[in-house]
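**Student:** Supplied in structure tokens, the structure appears directly below.
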Amino acid sequence: MLTAIRGSLVWFRDDPFLTSGDDALVHVDDGLLVCRDGKISAVGDYGRLVRGLPPGVTVVHHRDKLILPGLISGHVHYVQTRIIAAYGRQLLEWLNASVYPEEERFADPSYARAVAALFCDELLRNGTTSALVNCATYPESVDALFEESVGRGMRLAAGKVLMDRNAPPELLDASPEQGYEESRKLIEKWHGVGRSLYAITPRFAVACTSEMLRVAGALWREHPGTLVQAHLAENRQEVAQVAELFPKYRDYVDVYEQHELLGPGAVFAHAVHLSKREWKRLHRTGSGVAHCPTSNLFLGSGLFSMRRATKPGRRVLVGLGSDVGGGTSLSLLQTASEAYKVGALDDCPMDGVKLFYLATLGAAKAMRLDGIIGSLEPGNEADFIVLDPAATPLLATRTARAESIDDLLFALAVMGDDRTVLATYLNGQLAHERDTFPRPEPAHRHDKR
Ligand code: GUN
Ligand code: ZN
């Protein structure tokens, strides 16, 4: 099956935090992207490549649009889709008041399935083709998400949260052994099915005993190729509680490291309140972090420092995360916009190249999936998006004045949202089209309580 798309192609060959943006960015102004059997088979200049297409192949023309790799969210909770925008609390109180009661509802497989369907559709509407996703404690909540994502052909990494203390009893794993056994069965059931990847998910050190963290480390050792995801140093009260619960450890990162949870393929969300030592350990171990600016602002958690995360000599792999429901949008364009503003406060104003890198190849590298997703290089999976620089009158006015491709990307990152995503492709196939797809149905019919 061959697909050919014409447009202005943009992707990354290198890390713009390490090299100049010019070296990192690839831009083919009038380009052609050729996909065969779900992978990118050729990419380059339209005039050169079009002549080599076999007869009968239809070229889809997006001449005045940008084509980029599908966006990748390094951290999000599908089970919090419906409690987005819960007013007025910081992390620990918000978890108890809004998050945990909602996650209890995911014991019901039909509720879980309906929210999973909405979540997957919303990701695609926002141009997000891959994500690292927290589910609820219940294995059924993981089944629901993978059933929906496999049906759509998405590459998601996800797992059941492991938690055995400091949350309502209905939501806790009965024991670390049960958490281990349920995770192991889910890995066997889902890891490698379609494009699914399993992510071992100790929620955070506040909600996990040392035994539970040990179980998570053991699962990762025993199942190479799976990912690890957890929350790290998001909120000052949380950090203080971890110090009380784990008094013998140097700091928060040390708690995870001593339980063998650091390394390539481990992605820690937030990383707002870290010491120099902790940044160094994340760097040395090749661990990744997810920068979740809309959530850090919404929950009053603090300001992530991209300057510290990317310090020369101890650079940590960073991707963006929407962190819905702490985050306020599933759009990684809106997330990038907030990342810019948080960086501006920290004397680290990121340009358009850096912002889109974080939402594509940067996140792929943090998840150890570079070479597979996050790029338009041949051999990568053919997940890509078509962005419309004239999606709204104001955006059209601004982008018409763009001085360079970097400036155009910057305007799209700062002003863009779901309206900017004209189309989303998975495996070389159209998965969402802005102007023709029906609006998603509201989920009220599932409100039984
Ligand atoms: N820390 C532990 N659980 C969560 C969660 O669900 N959301 C956020 N933002 N932080 C957490
Ligand atoms: Zn989170």
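Just so we're on the same page: first chain in the structure tokens is A, next is B, and so on; residues restart at 1 for each chain, and ligands are numbered from 1 in the order they show up.
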Please provide the set of residues having any atom within 10 Å of Ser305 in chain A, restricted to only C-alpha atoms, with same-chain residues fewer than 3 positions apart removed, written as a PyMOL selection string.
**Tutor:** chain A and resi 271-274+291+302+308-310+339+342-343+345-348
**Student:** Please save all heavy atoms of the selected residues as a tab-separated table (two decimals), in the first residue's frame.
**Tutor:**
chain	number	residue	atom	x	y	z
A	271	ALA	N	9.53	16.83	37.38
A	271	ALA	CA	10.93	17.17	37.68
A	271	ALA	C	11.11	18.67	37.91
A	271	ALA	O	12.01	19.30	37.36
A	271	ALA	CB	11.84	16.68	36.53
A	272	VAL	N	10.22	19.24	38.73
A	272	VAL	CA	10.24	20.68	38.97
A	272	VAL	C	11.23	21.05	40.09
A	272	VAL	O	11.94	22.04	39.99
A	272	VAL	CB	8.82	21.19	39.32
A	272	VAL	CG1	8.84	22.65	39.77
A	272	VAL	CG2	7.89	21.03	38.12
A	273	HIS	N	11.25	20.22	41.15
A	273	HIS	CA	12.04	20.58	42.34
A	273	HIS	C	13.19	19.60	42.53
A	273	HIS	O	13.13	18.72	43.40
A	273	HIS	CB	11.13	20.60	43.57
A	273	HIS	CG	9.92	21.48	43.41
A	273	HIS	ND1	9.98	22.86	43.44
A	273	HIS	CD2	8.61	21.18	43.16
A	273	HIS	CE1	8.78	23.37	43.25
A	273	HIS	NE2	7.93	22.37	43.07
A	274	LEU	N	14.21	19.72	41.70
A	274	LEU	CA	15.33	18.77	41.75
A	274	LEU	C	16.64	19.48	42.10
A	274	LEU	O	16.86	20.62	41.71
A	274	LEU	CB	15.52	18.07	40.40
A	274	LEU	CG	14.45	17.09	39.93
A	274	LEU	CD1	14.87	16.46	38.61
A	274	LEU	CD2	14.16	16.02	40.97
A	291	HIS	N	8.21	17.36	30.47
A	291	HIS	CA	7.93	18.74	30.88
A	291	HIS	C	6.44	18.98	30.67
A	291	HIS	O	5.95	18.90	29.54
A	291	HIS	CB	8.78	19.67	30.01
A	291	HIS	CG	8.58	21.13	30.24
A	291	HIS	ND1	7.93	21.65	31.34
A	291	HIS	CD2	8.96	22.20	29.49
A	291	HIS	CE1	7.91	22.97	31.25
A	291	HIS	NE2	8.52	23.33	30.14
A	302	GLY	N	4.95	24.74	40.29
A	302	GLY	CA	6.25	25.40	40.15
A	302	GLY	C	6.65	25.45	38.70
A	302	GLY	O	5.90	25.07	37.82
A	308	ARG	N	18.20	24.15	33.36
A	308	ARG	CA	18.91	23.13	34.16
A	308	ARG	C	18.86	21.77	33.48
A	308	ARG	O	19.83	21.02	33.51
A	308	ARG	CB	18.29	23.02	35.55
A	308	ARG	CG	18.72	24.14	36.42
A	308	ARG	CD	18.30	23.90	37.85
A	308	ARG	NE	18.10	25.20	38.45
A	308	ARG	CZ	17.25	25.47	39.41
A	308	ARG	NH1	16.52	24.52	39.92
A	308	ARG	NH2	17.13	26.68	39.86
A	309	ALA	N	17.72	21.45	32.90
A	309	ALA	CA	17.56	20.13	32.28
A	309	ALA	C	18.52	19.94	31.10
A	309	ALA	O	18.92	18.82	30.79
A	309	ALA	CB	16.13	19.95	31.81
A	310	THR	N	18.88	21.05	30.45
A	310	THR	CA	19.70	20.92	29.23
A	310	THR	C	21.10	21.51	29.43
A	310	THR	O	21.77	21.85	28.46
A	310	THR	CB	19.01	21.62	28.04
A	310	THR	OG1	18.76	22.98	28.39
A	310	THR	CG2	17.70	20.96	27.69
A	339	ALA	N	5.18	26.05	27.50
A	339	ALA	CA	6.60	25.74	27.73
A	339	ALA	C	7.46	26.94	27.37
A	339	ALA	O	8.44	27.26	28.05
A	339	ALA	CB	7.02	24.51	26.92
A	342	VAL	N	7.09	29.55	30.23
A	342	VAL	CA	7.82	29.14	31.43
A	342	VAL	C	9.32	29.31	31.19
A	342	VAL	O	10.05	29.78	32.07
A	342	VAL	CB	7.46	27.68	31.82
A	342	VAL	CG1	8.38	27.15	32.92
A	342	VAL	CG2	6.00	27.60	32.26
A	343	GLY	N	9.77	28.98	29.99
A	343	GLY	CA	11.18	29.18	29.64
A	343	GLY	C	11.56	30.65	29.66
A	343	GLY	O	12.65	31.03	30.11
A	345	LEU	N	10.44	32.93	31.55
A	345	LEU	CA	10.63	33.35	32.95
A	345	LEU	C	11.98	32.91	33.51
A	345	LEU	O	12.43	33.39	34.53
A	345	LEU	CB	9.52	32.75	33.82
A	345	LEU	CG	8.15	33.39	33.73
A	345	LEU	CD1	7.12	32.51	34.42
A	345	LEU	CD2	8.16	34.77	34.36
A	346	ASP	N	12.58	31.92	32.85
A	346	ASP	CA	13.81	31.29	33.33
A	346	ASP	C	15.00	31.68	32.44
A	346	ASP	O	16.02	31.00	32.42
A	346	ASP	CB	13.58	29.76	33.29
A	346	ASP	CG	14.68	28.96	33.94
A	346	ASP	OD1	15.30	29.48	34.90
A	346	ASP	OD2	14.92	27.82	33.50
A	347	ASP	N	14.84	32.76	31.69
A	347	ASP	CA	15.90	33.21	30.79
A	347	ASP	C	16.28	32.12	29.78
A	347	ASP	O	17.44	31.96	29.42
A	347	ASP	CB	17.14	33.61	31.62
A	347	ASP	CG	18.04	34.56	30.83
A	347	ASP	OD1	17.54	35.14	29.85
A	347	ASP	OD2	19.22	34.68	31.17
A	348	CYS	N	15.29	31.35	29.35
A	348	CYS	CA	15.53	30.26	28.41
A	348	CYS	C	14.39	30.25	27.38
A	348	CYS	O	13.56	29.33	27.36
A	348	CYS	CB	15.60	28.94	29.18
A	348	CYS	SG	15.98	27.51	28.16
**Student:** Would you mind listing the residues within 8 Å of ligand 2, counting only C-alpha atoms and all ligand atoms, as a PyMOL selection string?
**Tutor:** chain A and resi 75-77+134+230-231+269-270+323-326
**Student:** Using only C-alpha atoms, which protein or nucleic acid residues come within 9 Å of range 243-248 of chain A? Drop anything in the same chain fewer than 4 positions from it, and give the result as a ChimeraX atom specification.
**Tutor:** /A:205-206,209-210,238-239,252,255
**Student:** Which residues, written as a ChimeraX atom specification, have at least one atom at most 9 Å from Ser141 in chain A, with only C-alpha atoms counted and residues fewer than 2 positions away on the same chain left out?
**Tutor:** /A:79,106-109,112-113,116,135-139,143-146,159-160
**Student:** I'd like to know which residues of range 257-407 of chain A are alpha helix (DSSP H) (by DSSP, run on the backbone); could you write them as number ranges by chain?
**Tutor:** A: 257-258, 276-285, 293-298, 306-309, 332-345, 352-359, 361-366, 393-400, 405-407
**Student:** I need the residue nearest Gly300 in chain A from this list: A:Gly21, A:Gly88, A:Pro393, A:Pro169. Use only C-alpha atoms for the distance.
**Tutor:**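 Closest residue, counting only C-alpha atoms: A:Gly88.
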**Student:** If we count only C-alpha atoms, what is near range 394-406 of chain A at a cut-off of 9 Å, once residues fewer than 5 positions away on the same chain are taken out, given as a ChimeraX atom specification?
**Tutor:** /A:10,21,27,351-353,388-389,411-412,415-416,420
**Student:** Keeping only all heavy atoms, write the selected residues to a file as a PDB file, in the first residue's frame.
**Tutor:**
ATOM      1  N   VAL A  10       8.918  19.119   7.450  1.00  0.00           N
ATOM      2  CA  VAL A  10       9.776  19.558   8.559  1.00  0.00           C
ATOM      3  C   VAL A  10      10.004  18.399   9.512  1.00  0.00           C
ATOM      4  O   VAL A  10       9.031  17.759   9.941  1.00  0.00           O
ATOM      5  CB  VAL A  10       9.096  20.717   9.348  1.00  0.00           C
ATOM      6  CG1 VAL A  10       9.861  21.011  10.631  1.00  0.00           C
ATOM      7  CG2 VAL A  10       9.003  21.976   8.505  1.00  0.00           C
ATOM      8  N   GLY A  21      20.106  25.230  15.555  1.00  0.00           N
ATOM      9  CA  GLY A  21      18.830  24.849  14.970  1.00  0.00           C
ATOM     10  C   GLY A  21      18.966  24.482  13.500  1.00  0.00           C
ATOM     11  O   GLY A  21      18.319  23.570  13.009  1.00  0.00           O
ATOM     12  N   HIS A  27      14.271  20.864   6.492  1.00  0.00           N
ATOM     13  CA  HIS A  27      13.096  21.505   5.906  1.00  0.00           C
ATOM     14  C   HIS A  27      13.169  21.357   4.398  1.00  0.00           C
ATOM     15  O   HIS A  27      14.132  21.800   3.765  1.00  0.00           O
ATOM     16  CB  HIS A  27      13.058  22.991   6.299  1.00  0.00           C
ATOM     17  CG  HIS A  27      11.917  23.714   5.644  1.00  0.00           C
ATOM     18  ND1 HIS A  27      12.018  24.990   5.150  1.00  0.00           N
ATOM     19  CD2 HIS A  27      10.642  23.313   5.398  1.00  0.00           C
ATOM     20  CE1 HIS A  27      10.863  25.351   4.635  1.00  0.00           C
ATOM     21  NE2 HIS A  27      10.008  24.360   4.769  1.00  0.00           N
ATOM     22  N   ASP A 351      13.050  28.598  20.844  1.00  0.00           N
ATOM     23  CA  ASP A 351      12.543  28.987  19.527  1.00  0.00           C
ATOM     24  C   ASP A 351      11.614  27.889  18.972  1.00  0.00           C
ATOM     25  O   ASP A 351      11.399  26.849  19.615  1.00  0.00           O
ATOM     26  CB  ASP A 351      13.709  29.294  18.575  1.00  0.00           C
ATOM     27  CG  ASP A 351      14.651  28.112  18.398  1.00  0.00           C
ATOM     28  OD1 ASP A 351      14.244  26.966  18.696  1.00  0.00           O
ATOM     29  OD2 ASP A 351      15.797  28.326  17.959  1.00  0.00           O
ATOM     30  N   GLY A 352      11.083  28.132  17.771  1.00  0.00           N
ATOM     31  CA  GLY A 352      10.131  27.194  17.181  1.00  0.00           C
ATOM     32  C   GLY A 352      10.742  25.825  16.929  1.00  0.00           C
ATOM     33  O   GLY A 352      10.080  24.798  17.079  1.00  0.00           O
ATOM     34  N   VAL A 353      12.015  25.809  16.550  1.00  0.00           N
ATOM     35  CA  VAL A 353      12.697  24.535  16.290  1.00  0.00           C
ATOM     36  C   VAL A 353      12.755  23.711  17.570  1.00  0.00           C
ATOM     37  O   VAL A 353      12.415  22.521  17.581  1.00  0.00           O
ATOM     38  CB  VAL A 353      14.119  24.799  15.733  1.00  0.00           C
ATOM     39  CG1 VAL A 353      14.927  23.518  15.668  1.00  0.00           C
ATOM     40  CG2 VAL A 353      14.020  25.439  14.348  1.00  0.00           C
ATOM     41  N   ASP A 388      -1.969  23.604   9.390  1.00  0.00           N
ATOM     42  CA  ASP A 388      -2.525  24.659   8.530  1.00  0.00           C
ATOM     43  C   ASP A 388      -2.132  26.033   9.071  1.00  0.00           C
ATOM     44  O   ASP A 388      -2.705  26.493  10.064  1.00  0.00           O
ATOM     45  CB  ASP A 388      -4.054  24.495   8.522  1.00  0.00           C
ATOM     46  CG  ASP A 388      -4.732  25.559   7.683  1.00  0.00           C
ATOM     47  OD1 ASP A 388      -4.026  26.375   7.058  1.00  0.00           O
ATOM     48  OD2 ASP A 388      -5.981  25.555   7.668  1.00  0.00           O
ATOM     49  N   PRO A 389      -1.180  26.710   8.424  1.00  0.00           N
ATOM     50  CA  PRO A 389      -0.749  28.024   8.931  1.00  0.00           C
ATOM     51  C   PRO A 389      -1.837  29.096   8.815  1.00  0.00           C
ATOM     52  O   PRO A 389      -1.675  30.179   9.366  1.00  0.00           O
ATOM     53  CB  PRO A 389       0.443  28.388   8.031  1.00  0.00           C
ATOM     54  CG  PRO A 389       0.815  27.142   7.315  1.00  0.00           C
ATOM     55  CD  PRO A 389      -0.430  26.312   7.227  1.00  0.00           C
ATOM     56  N   ALA A 411       5.368  30.585  15.543  1.00  0.00           N
ATOM     57  CA  ALA A 411       3.987  31.101  15.534  1.00  0.00           C
ATOM     58  C   ALA A 411       2.987  29.949  15.687  1.00  0.00           C
ATOM     59  O   ALA A 411       1.992  30.065  16.419  1.00  0.00           O
ATOM     60  CB  ALA A 411       3.729  31.869  14.238  1.00  0.00           C
ATOM     61  N   LEU A 412       3.248  28.831  15.021  1.00  0.00           N
ATOM     62  CA  LEU A 412       2.336  27.684  15.121  1.00  0.00           C
ATOM     63  C   LEU A 412       2.332  27.120  16.537  1.00  0.00           C
ATOM     64  O   LEU A 412       1.291  26.729  17.070  1.00  0.00           O
ATOM     65  CB  LEU A 412       2.745  26.595  14.126  1.00  0.00           C
ATOM     66  CG  LEU A 412       2.456  26.921  12.660  1.00  0.00           C
ATOM     67  CD1 LEU A 412       3.205  25.960  11.740  1.00  0.00           C
ATOM     68  CD2 LEU A 412       0.960  26.851  12.382  1.00  0.00           C
ATOM     69  N   MET A 415       0.585  29.917  18.891  1.00  0.00           N
ATOM     70  CA  MET A 415      -0.814  30.247  18.637  1.00  0.00           C
ATOM     71  C   MET A 415      -1.671  29.028  18.285  1.00  0.00           C
ATOM     72  O   MET A 415      -2.903  29.140  18.209  1.00  0.00           O
ATOM     73  CB  MET A 415      -0.904  31.246  17.477  1.00  0.00           C
ATOM     74  CG  MET A 415      -0.218  32.563  17.772  1.00  0.00           C
ATOM     75  SD  MET A 415      -0.207  33.616  16.315  1.00  0.00           S
ATOM     76  CE  MET A 415      -1.945  34.049  16.185  1.00  0.00           C
ATOM     77  N   GLY A 416      -1.040  27.888  18.048  1.00  0.00           N
ATOM     78  CA  GLY A 416      -1.773  26.745  17.494  1.00  0.00           C
ATOM     79  C   GLY A 416      -2.619  26.005  18.522  1.00  0.00           C
ATOM     80  O   GLY A 416      -2.419  26.109  19.726  1.00  0.00           O
ATOM     81  N   THR A 420      -5.522  23.949  14.234  1.00  0.00           N
ATOM     82  CA  THR A 420      -4.344  24.038  13.369  1.00  0.00           C
ATOM     83  C   THR A 420      -4.023  22.688  12.717  1.00  0.00           C
ATOM     84  O   THR A 420      -3.296  22.629  11.729  1.00  0.00           O
ATOM     85  CB  THR A 420      -3.128  24.497  14.222  1.00  0.00           C
ATOM     86  OG1 THR A 420      -3.581  25.537  15.096  1.00  0.00           O
ATOM     87  CG2 THR A 420      -2.002  25.000  13.380  1.00  0.00           C
TER      88      THR A 420
END
**Student:** If you run DSSP over the backbone, which residues in range 111-253 of chain A end up strand (DSSP E)? Put them as a PyMOL selection string.
**Tutor:** chain A and resi 128-134+155-159+161-162+197-202+227-232
**Student:** When you look at range 96-103 of chain A with a cut-off of 7 Å (counting only C-alpha atoms), what residues show up, excluding the ones that are within fewer than 2 positions of it in the same chain? I need them as a VMD selection string.
**Tutor:** chain A and resid 79 to 80 83 86 92 to 94 105 to 106 136
**Student:** Which residues are near range 58-68 of chain A? Cut-off 8 Å, only C-alpha atoms, ignore same chain within fewer than 6 positions. Put them as a list in words.
**Tutor:**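 Result of the neighbour search: Thr3, Ala4, Ile5, Arg6, Gly7, Ser8, Leu9, Val10, Trp11, Asp30, Ser375, Leu376, Phe384, Ile385, Val386, Leu387, Asp388 and Pro389 of chain A.
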**Student:** Selected residues, N, CA and C atoms, written as a PDB file, in the first residue's frame, please.
**Tutor:**
ATOM      1  N   THR A   3       1.309   5.456  -0.231  1.00  0.00           N
ATOM      2  CA  THR A   3       0.689   6.777  -0.079  1.00  0.00           C
ATOM      3  C   THR A   3       1.744   7.824  -0.382  1.00  0.00           C
ATOM      4  N   ALA A   4       1.371   8.911  -1.041  1.00  0.00           N
ATOM      5  CA  ALA A   4       2.337   9.988  -1.320  1.00  0.00           C
ATOM      6  C   ALA A   4       1.687  11.323  -0.986  1.00  0.00           C
ATOM      7  N   ILE A   5       2.357  12.105  -0.154  1.00  0.00           N
ATOM      8  CA  ILE A   5       1.811  13.388   0.311  1.00  0.00           C
ATOM      9  C   ILE A   5       2.798  14.489  -0.049  1.00  0.00           C
ATOM     10  N   ARG A   6       2.278  15.552  -0.662  1.00  0.00           N
ATOM     11  CA  ARG A   6       3.126  16.697  -1.013  1.00  0.00           C
ATOM     12  C   ARG A   6       2.870  17.856  -0.053  1.00  0.00           C
ATOM     13  N   GLY A   7       3.929  18.482   0.411  1.00  0.00           N
ATOM     14  CA  GLY A   7       3.785  19.647   1.284  1.00  0.00           C
ATOM     15  C   GLY A   7       5.145  20.153   1.704  1.00  0.00           C
ATOM     16  N   SER A   8       5.134  21.076   2.643  1.00  0.00           N
ATOM     17  CA  SER A   8       6.377  21.621   3.175  1.00  0.00           C
ATOM     18  C   SER A   8       6.790  20.735   4.355  1.00  0.00           C
ATOM     19  N   LEU A   9       7.853  19.970   4.173  1.00  0.00           N
ATOM     20  CA  LEU A   9       8.213  18.936   5.154  1.00  0.00           C
ATOM     21  C   LEU A   9       9.177  19.483   6.202  1.00  0.00           C
ATOM     22  N   VAL A  10       8.918  19.119   7.450  1.00  0.00           N
ATOM     23  CA  VAL A  10       9.776  19.558   8.559  1.00  0.00           C
ATOM     24  C   VAL A  10      10.004  18.399   9.512  1.00  0.00           C
ATOM     25  N   TRP A  11      11.254  18.106   9.811  1.00  0.00           N
ATOM     26  CA  TRP A  11      11.553  17.142  10.874  1.00  0.00           C
ATOM     27  C   TRP A  11      12.953  17.407  11.417  1.00  0.00           C
ATOM     28  N   ASP A  30       9.237  22.310  -0.845  1.00  0.00           N
ATOM     29  CA  ASP A  30       8.251  21.610  -1.682  1.00  0.00           C
ATOM     30  C   ASP A  30       8.655  20.142  -1.690  1.00  0.00           C
ATOM     31  N   SER A 375      10.021  11.090  13.587  1.00  0.00           N
ATOM     32  CA  SER A 375      10.855  11.606  12.498  1.00  0.00           C
ATOM     33  C   SER A 375      10.262  11.205  11.155  1.00  0.00           C
ATOM     34  N   LEU A 376      10.608  11.956  10.116  1.00  0.00           N
ATOM     35  CA  LEU A 376      10.170  11.588   8.755  1.00  0.00           C
ATOM     36  C   LEU A 376      11.268  10.855   7.990  1.00  0.00           C
ATOM     37  N   PHE A 384       2.239  11.022  10.791  1.00  0.00           N
ATOM     38  CA  PHE A 384       2.573  12.428  10.542  1.00  0.00           C
ATOM     39  C   PHE A 384       1.309  13.283  10.548  1.00  0.00           C
ATOM     40  N   ILE A 385       1.535  14.601  10.623  1.00  0.00           N
ATOM     41  CA  ILE A 385       0.407  15.534  10.704  1.00  0.00           C
ATOM     42  C   ILE A 385       0.561  16.619   9.650  1.00  0.00           C
ATOM     43  N   VAL A 386      -0.576  17.178   9.282  1.00  0.00           N
ATOM     44  CA  VAL A 386      -0.589  18.305   8.348  1.00  0.00           C
ATOM     45  C   VAL A 386      -1.071  19.526   9.133  1.00  0.00           C
ATOM     46  N   LEU A 387      -0.209  20.539   9.242  1.00  0.00           N
ATOM     47  CA  LEU A 387      -0.573  21.748   9.989  1.00  0.00           C
ATOM     48  C   LEU A 387      -0.937  22.874   9.021  1.00  0.00           C
ATOM     49  N   ASP A 388      -1.969  23.604   9.390  1.00  0.00           N
ATOM     50  CA  ASP A 388      -2.525  24.659   8.530  1.00  0.00           C
ATOM     51  C   ASP A 388      -2.132  26.033   9.071  1.00  0.00           C
ATOM     52  N   PRO A 389      -1.180  26.710   8.424  1.00  0.00           N
ATOM     53  CA  PRO A 389      -0.749  28.024   8.931  1.00  0.00           C
ATOM     54  C   PRO A 389      -1.837  29.096   8.815  1.00  0.00           C
TER      55      PRO A 389
END
